[in-house]
Each structure stands twice: as structure tokens, then as C-alpha cells.
Amino acid sequence: MTGGGPDEETRQRVFLARIIEPGDETGGRWVRERGVSEVASRLRDGGEPLPGVGEKRWEGLRARARVAEPDRDLEAAYEAGARFVVPGAAEWPGQLDDLGDARPLGLWVRGRPNLRMWALRSVAVVGARACTEYGAHMAATLGTGLAERGWVVVSGGAYGVDGAAHRGALGAGGATVAVLACGVDRPYPRGHTQLITRIAEQGLVIGELPPGDHPTPSRFVLRNRVIAALTRGTVVVEAAHRSGSLVTARAAQRLGRHTMGVPGPATSSLSGGVHELLRENATLVTDAAEVVELVGDMGELAPDRRGPVLPRDLLDPAARRVLAALPGNREAGVDEIARGAQTTQDDAIARLYELRSLGYLERHGDGWKLTRQAMISVRGGGSPC
């Protein structure tokens, strides 16, 4: 290490990160109640187990402590271009403190940007690994749109939705963070080595596990709480009923973060979990603008959603009422039209001539009739279905 090396508390947290599994609330309570130094000393030197664990588990922790080498981990991180950020440091994202005793002991961070600053304006985009083309398209589109709006896209670096979201952000020249369930020097899955390397060069790759550590099913699940806590909100794009993405979304809900879902076909099992989430308390979103409207600052509003503007929409309201009073299949006299429009005959006559000049009406003697084009416009431009 350079620059004089880490302080003693950082070294002790690196030591504990090699021993205590991510999300272990018992270990987190020890650190909170007794301090890092005492917990590290008890694990290193032995003695009576700390509260909350039996002899068997205590001996397992002690076995890990006997082979933990914080200086070696710090050196391996340095060689990989990573640093260890601890709670209370200038770069530590304060929102992770919402995890309570499940808060990480520290985070290994690979990449140049400041994690705390990036996390302040970040959104998680997660979903199925075996996603459909629709899911990959939506994830990439969201990643691109969020990046273009100045938001950091956070995901897990996995195949499917995660990878598509990361690539969308990178393709837009934007910011993205991959939260791994293994050492940040050991890209996983292997097939995403090039992607994760690119994220480390253009964004950030972070994780709780020491350099060289491997992922396990439980570590993937526990990693998701970090994604949820780190960001302003979580968007789920395709997820089956037992998807790990739903774990992230529900963790976000518990933490008071925004939870969003992108709907899919009602017949798709890969959208079943998203639809279940939407039936609960999640918000339906279809693009980045709607995500930003929910998680962003006041005034960051999505554009109004409406159909195409038709020529009749540009008419004065009084003229629209007269136009609507014309029968669709026959001529009508001024008195009938005036009654239908709830106006006077003089006003109706003025509006009728105005509408004729615009091509909506034809005059037949004393009667008035809609032109063919006007009939399409008045009926809404299409089938009643």
C-alpha cells in the first residue's frame, strides 16, 4: 500500500470482513455495541464466545480469524485498483446506515469516481437473468435513458437484465455501478469479465467480500440489500415469482425506497413476479422519464402521456360542440344543430361557416352535413374498439 497505509480501524474492519459474512446482524450488533477493536481482539485471541452464538459457530469464526491476513487483502485490492471504504469515511454512502446491524463492515470499491456522490443520484435496475428480448430491450432502454438524464444506474453485473442495464448506461457514456457478490478483483459471471472490466474503467465495481472471495447463493441474496439501500429506488424488469430481483425490491420497500416495476405480457411467467409487485405497492413505469419523476427532485416531471393530436383538438371549444352536434349520416338544419350544441342559432351559423372553411362541413341548401374526412375526425380517427 502507498500513502502511509490504512488506519488501524480500517485494518480491523478488513480483518472482520474476512471472518463475518455479509449481512450477519449478530456480527453487526457486536461491532455496534462493543466496537471494532474489541470484536477483532476477541476473535483473534479467543476466550468466551460473544453473545448470540454457540460454541460451534464461535469456533468456526475463530478458524477464519486464524487465517485472516488484512495486509494481504489490502495489497491484493491495491493491485486490482481497489480501495476499502468504511462507515464514517468521506466516501461512505450514508444511506447504507439504514441497514442497521446488517450494514456492511466496509465496501471494496474499484474505480475512480466517488461512491458517496454517485449514490446520491442513483437508481437500481434489476431483473431476470434468463430474460426475454423484451426484457433486455427495456433494461437497456432504461439504462440509456437514466444515464442521459444524469442518473447512475446500479445493478448486479449478472446476465440478462443486469447486463443490459449496465450496457445501456455505458453506451450512453453515462455512469453505472456493479455490486458484486464476490471479490471485486474476481469478475462474476466469467462471461461478463469484459463488461465488468469496462464498468470499473468507466464507473464503479463494489462489493463486501474480500479480494479473491467467491460467490454463493446466500451471498447473492444478501448482496441485494446493498443494491436496495444504496439507491433512491429499484426498478424490476421481468422477474418470476421466486426471482432474487423481488428480494431487492422488497428490501427497498422496507427501507422506504421507491419500488417500481415494468409490466410485461399477462401470459409471461417471467413477468409474473413484477405483476405481483405491482399489485402490492410498487409503481408501474414504462420509461426513464417516469422513473425520474418518481425518484428525482421536485420539478423533474415525465411528459404527459396522451394520444396523437388530431385537427379537431385545435378547434375552439364552441366550434367543437357545434361539430359534435352534426349527425353522422344525414344533413341537419341550423335549429337542430343549435339545440344539440346548446347555443343560439346565430352562434351556430357563425360556427358552421367557420367549420366549412376548415373543410369539416358541406352546405346542402338549408342543411349542413359532415364531410367524409370530418366524420373520421369526429369519431376519433379509428375503430370504436
# chains A, B, ... in the order shown; residues from 1 in each chain; ligands from 1
>>> residues_around(residues="stretch 25-30 of chain A", least_positions_apart="2", cutoff="10 Å", atoms="only C-alpha atoms", output="list in words")
Leu16, Ile19, Ile20, Glu21, Pro22, Gly23, Arg32, Glu33, Arg34, Gly35, Val36, Glu38, Val39, Ala40, Leu50, Pro51, Gly52, Val53, Leu99, Gly100, Asp101, Ala102, Arg103, Pro104 and Leu105 of chain A
>>> select_by_dssp(residues="stretch 52-229 of chain A", states="strand (DSSP E or B)", output="list in words")
Ala82, Arg83, Phe84, Val85, Leu107, Trp108, Val109, Arg110, Ser122, Val123, Ala124, Val125, Val126, Gly127, Val152, Val153, Val154, Ser155, Thr176, Val177, Ala178, Val179, Leu180, Leu204, Val205, Ile206 and Gly207 of chain A
>>> atom_distance(atom1="atom CA of A:Val154", atom2="atom CA of A:Val123")
5.9 Å
>>> atom_distance(atom1="atom CA of A:Leu74", atom2="atom CA of A:Arg42")
21.8 Å
>>> atom_distance(atom1="atom CA of A:Leu255", atom2="atom CA of A:Pro211")
28.6 Å
>>> residues_around(residues="stretch 289-295 of chain A", least_positions_apart="2", cutoff="10 Å", atoms="only C-alpha atoms", output="JSON, numbers by chain")
{"A": [121, 122, 123, 142, 145, 146, 149, 150, 151, 231, 232, 233, 234, 235, 257, 258, 259, 260, 261, 283, 284, 285, 286, 287, 297, 298, 299, 300, 301, 302, 303]}
>>> residues_around(residues="A:Val86", least_positions_apart="6", cutoff="8 Å", atoms="only C-alpha atoms", output="list in words")
Thr10, Arg13, Trp92, Leu105, Gly106 and Leu107 of chain A
>>> write_last_selection(atoms="N, CA, C and O atoms", output="PDB file, in the first residue's frame")
ATOM      1  N   THR A  10      -9.515   0.722  10.014  1.00  0.00           N
ATOM      2  CA  THR A  10      -9.742   0.167   8.678  1.00  0.00           C
ATOM      3  C   THR A  10      -9.151  -1.228   8.574  1.00  0.00           C
ATOM      4  O   THR A  10      -9.791  -2.156   8.051  1.00  0.00           O
ATOM      5  N   ARG A  13     -11.399  -3.625  10.344  1.00  0.00           N
ATOM      6  CA  ARG A  13     -12.604  -3.920   9.576  1.00  0.00           C
ATOM      7  C   ARG A  13     -12.295  -4.851   8.400  1.00  0.00           C
ATOM      8  O   ARG A  13     -13.116  -5.718   8.063  1.00  0.00           O
ATOM      9  N   TRP A  92     -18.069   7.234   2.240  1.00  0.00           N
ATOM     10  CA  TRP A  92     -19.098   6.246   2.636  1.00  0.00           C
ATOM     11  C   TRP A  92     -20.503   6.780   2.356  1.00  0.00           C
ATOM     12  O   TRP A  92     -20.862   7.865   2.796  1.00  0.00           O
ATOM     13  N   LEU A 105     -19.561  -4.045   6.835  1.00  0.00           N
ATOM     14  CA  LEU A 105     -18.412  -3.618   7.633  1.00  0.00           C
ATOM     15  C   LEU A 105     -17.573  -2.606   6.853  1.00  0.00           C
ATOM     16  O   LEU A 105     -16.867  -1.785   7.443  1.00  0.00           O
ATOM     17  N   GLY A 106     -17.685  -2.676   5.558  1.00  0.00           N
ATOM     18  CA  GLY A 106     -16.980  -1.773   4.656  1.00  0.00           C
ATOM     19  C   GLY A 106     -17.251  -2.238   3.242  1.00  0.00           C
ATOM     20  O   GLY A 106     -17.842  -3.306   3.036  1.00  0.00           O
ATOM     21  N   LEU A 107     -16.858  -1.462   2.263  1.00  0.00           N
ATOM     22  CA  LEU A 107     -17.048  -1.834   0.868  1.00  0.00           C
ATOM     23  C   LEU A 107     -15.730  -1.717   0.111  1.00  0.00           C
ATOM     24  O   LEU A 107     -15.016  -0.718   0.237  1.00  0.00           O
TER      25      LEU A 107
END
>>> closest_residue(among="A:Leu209, A:Leu352, A:Pro93, A:Phe15", to="A:Arg62", atoms="only C-alpha atoms")
A:Phe15
